[in-house]
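Colleague: Please find one structure pasted underneath; my questions will follow.
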Amino acid sequence: AREEIWITSKLWPSEYGLGKTTVAIDKMLSRLDTDYIDLLLLHQQFGDYLGAWKDMEKAMASGKVRSIGLSNFESERLEDILSNAQIKPAVLQVECHPYYQQSALKQRVSSCGTVIESWYPIGHGDTSLINEPVFTRLGQKYGKTNVQIILRWHIQEGNVVFPKSTNPEHLRENFDIFDFSLTNSEMREIRALDKGERFFNMSLADQERMLGSFVPAD
């Protein structure tokens, strides 16, 4: 049944703009063969994102979209959206993991009730991160894998996670993190791992140049 499936989709900057985004949403619904999208995100912080946001708000009012949010908005353009939005973002999808915990960003969106949604929740599979001794020790204590400990930390931090896997065993393990809880002291141990270290490093200018090669001129 449709209500048992959660669909998140994104709009590309070439689809941003008042009126333009409404057309893009209708095309998206047609491609997905569905009457509504559960969560719709602006993919990048470029182009006419304010016009796009207004159209997304209209799509929510009409029932075409159930919730709206942002992806990769970490510059001052985040505040530009927040100050102009009638409906605040439900989520902000960014890189977030124990080496890059996004504490400052959480503070910036806390008053809006926006939740951090993590891509790279296990640091893009970085072995140094996954094999941190604290995760190994806690995995042995709770009978879980190191990755399960990391995902449980995310859940208790209030982060949304979507670890990608096509391995059936890993898929089952990713779901099997709700039968235990980390203690407050264990959560503090993991918070102490924060290095402010990204795995995806690209300046705003570099991102804009990269997107320029994909976004056709009007």
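Letters for chains follow the order of the structure tokens (A, B, ...), residue numbers begin at 1 for each chain, and ligand numbers begin at 1 in the order shown.
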Applying 8 Å and only C-alpha atoms, which residues near Leu11 in chain A remain after dropping the ones on its own chain fewer than 4 positions away? List them as a PyMOL selection string.

Modeller: chain A and resi 15-16+24+40-43

Colleague: Can you pull out every residue within 9 Å of Cys112 in chain A, counting only C-alpha atoms, but drop anything in the same chain fewer than 4 positions away, and send it as a list in words?

Modeller: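 Residues near the query, excluding close chain neighbours: Leu82, Lys88, Pro89, Ala90 and Arg108 of chain A.
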
Colleague: Residues as selected, C-alpha atoms, written as a short mmCIF file (atom, residue, chain, number, x, y, z; two decimals), in the first residue's frame, can you do that?

Modeller:
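Contents of the output file again-v5.cif:
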```
data_model
loop_
_atom_site.label_atom_id
_atom_site.label_comp_id
_atom_site.auth_asym_id
_atom_site.auth_seq_id
_atom_site.Cartn_x
_atom_site.Cartn_y
_atom_site.Cartn_z
CA LEU A 82 14.55 30.29 7.13
CA LYS A 88 10.04 25.86 7.99
CA PRO A 89 12.13 22.95 6.65
CA ALA A 90 11.23 19.61 8.23
CA ARG A 108 21.24 27.29 13.74
#
```

Colleague: So which residues touch Glu186 in chain A within 10 Å, counting only C-alpha atoms, skipping near sequence neighbours fewer than 3 positions away, as a PyMOL selection string?

Modeller: chain A and resi 134-135+138+153+181-183+189-192

Colleague: Which residues come within 12 Å of Asp48 in chain A, counting only C-alpha atoms, excluding same-chain residues fewer than 6 positions away, as an MDAnalysis selection string?

Modeller: chainID A and resid 11:21 42 54:55 77 80:81

Colleague: What separation in Å, quoted to one decimal, exists between CA of Lys144 in chain A and CA of Glu173 in chain A?

Modeller: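 Here the two named atoms are 8.6 Å from each other.
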
Colleague: Here is a test: counting only C-alpha atoms, which residue of A:Ser165, A:Gln140, A:Ser83, A:Ser111 is nearest to His124 in chain A?

Modeller: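 Ranking A:Ser165, A:Gln140, A:Ser83, A:Ser111 by distance to His124 in chain A, first place goes to A:Ser165.
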
Colleague: Could you go through range 42-170 of chain A and tell me which residues DSSP, when run on the backbone, assigns to helix (DSSP H, G or I), listing them as a VMD selection string?

Modeller: chain A and resid 49 to 62 77 to 84 103 to 112 123 to 125 127 to 130 133 to 142 146 to 157 168 to 170

Colleague: In Å, rounded to a single decimal, give me how far CA of Asp38 in chain A is from CA of Thr114 in chain A.

Modeller: 15.8 Å

Colleague: Would you list the contacts of Lys58 in chain A as a ChimeraX atom specification, taking every protein, DNA or RNA residue within 12 Å and counting only C-alpha atoms, but skipping same-chain residues closer than 3 positions in sequence?

Modeller: /A:18-19,21-23,25,51-55,61-68,85-87

Colleague: Selection from above, N, CA, C and O atoms, as a CSV table (one decimal), in the first residue's frame, can you write it?

Modeller:
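Final file, part-v6.csv:
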```csv
chain,number,residue,atom,x,y,z
A,18,LEU,N,9.8,30.4,-9.2
A,18,LEU,CA,8.3,30.5,-9.0
A,18,LEU,C,7.6,30.1,-10.3
A,18,LEU,O,7.8,30.6,-11.4
A,19,GLY,N,6.7,29.1,-10.2
A,19,GLY,CA,6.0,28.6,-11.3
A,19,GLY,C,6.7,27.4,-12.0
A,19,GLY,O,6.1,26.4,-12.3
A,21,THR,N,9.0,25.6,-10.6
A,21,THR,CA,9.1,24.4,-9.6
A,21,THR,C,7.8,23.7,-9.6
A,21,THR,O,7.7,22.4,-9.4
A,22,THR,N,6.6,24.4,-9.7
A,22,THR,CA,5.3,23.7,-9.7
A,22,THR,C,5.3,22.7,-10.9
A,22,THR,O,4.8,21.6,-10.7
A,23,VAL,N,5.7,23.1,-12.0
A,23,VAL,CA,5.8,22.2,-13.2
A,23,VAL,C,6.7,21.0,-12.9
A,23,VAL,O,6.3,19.9,-13.3
A,25,ILE,N,7.4,19.7,-10.1
A,25,ILE,CA,6.8,18.8,-9.1
A,25,ILE,C,5.7,17.9,-9.8
A,25,ILE,O,5.6,16.7,-9.5
A,51,GLY,N,12.2,31.2,-4.8
A,51,GLY,CA,11.0,30.9,-5.7
A,51,GLY,C,10.6,29.5,-5.6
A,51,GLY,O,9.4,29.2,-5.5
A,52,ALA,N,11.6,28.6,-5.6
A,52,ALA,CA,11.3,27.2,-5.5
A,52,ALA,C,10.6,26.8,-4.2
A,52,ALA,O,9.6,26.1,-4.1
A,53,TRP,N,11.1,27.5,-3.1
A,53,TRP,CA,10.5,27.2,-1.8
A,53,TRP,C,9.0,27.6,-1.7
A,53,TRP,O,8.2,26.9,-1.2
A,54,LYS,N,8.7,28.7,-2.3
A,54,LYS,CA,7.3,29.2,-2.4
A,54,LYS,C,6.4,28.2,-3.1
A,54,LYS,O,5.3,27.9,-2.7
A,55,ASP,N,6.9,27.7,-4.2
A,55,ASP,CA,6.1,26.7,-4.9
A,55,ASP,C,6.0,25.4,-4.1
A,55,ASP,O,5.0,24.7,-4.2
A,61,ALA,N,0.3,22.8,0.5
A,61,ALA,CA,-1.1,23.2,0.7
A,61,ALA,C,-2.1,22.4,-0.2
A,61,ALA,O,-3.2,22.2,0.2
A,62,SER,N,-1.7,22.0,-1.4
A,62,SER,CA,-2.5,21.3,-2.3
A,62,SER,C,-2.5,19.8,-2.1
A,62,SER,O,-3.3,19.1,-2.7
A,63,GLY,N,-1.6,19.3,-1.2
A,63,GLY,CA,-1.5,17.9,-0.9
A,63,GLY,C,-0.6,17.1,-1.8
A,63,GLY,O,-0.5,15.9,-1.6
A,64,LYS,N,0.1,17.8,-2.7
A,64,LYS,CA,1.0,17.1,-3.6
A,64,LYS,C,2.2,16.6,-2.9
A,64,LYS,O,2.9,15.7,-3.3
A,65,VAL,N,2.6,17.3,-1.8
A,65,VAL,CA,3.8,17.1,-1.0
A,65,VAL,C,3.4,17.1,0.5
A,65,VAL,O,2.6,18.0,0.9
A,66,ARG,N,3.9,16.2,1.3
A,66,ARG,CA,3.5,16.1,2.7
A,66,ARG,C,4.5,16.9,3.6
A,66,ARG,O,4.1,17.4,4.6
A,67,SER,N,5.7,17.0,3.2
A,67,SER,CA,6.7,17.7,4.0
A,67,SER,C,7.8,18.2,3.1
A,67,SER,O,8.1,17.6,2.0
A,68,ILE,N,8.5,19.3,3.4
A,68,ILE,CA,9.5,19.9,2.6
A,68,ILE,C,10.8,20.2,3.4
A,68,ILE,O,10.7,20.4,4.6
A,85,ALA,N,10.7,31.7,4.8
A,85,ALA,CA,9.8,30.5,4.7
A,85,ALA,C,8.6,30.7,5.6
A,85,ALA,O,8.7,31.1,6.7
A,86,GLN,N,7.4,30.5,5.0
A,86,GLN,CA,6.2,30.4,5.8
A,86,GLN,C,6.1,29.0,6.5
A,86,GLN,O,5.6,28.9,7.6
A,87,ILE,N,6.6,28.0,5.8
A,87,ILE,CA,6.7,26.6,6.4
A,87,ILE,C,8.2,26.3,6.5
A,87,ILE,O,8.9,26.4,5.5
```
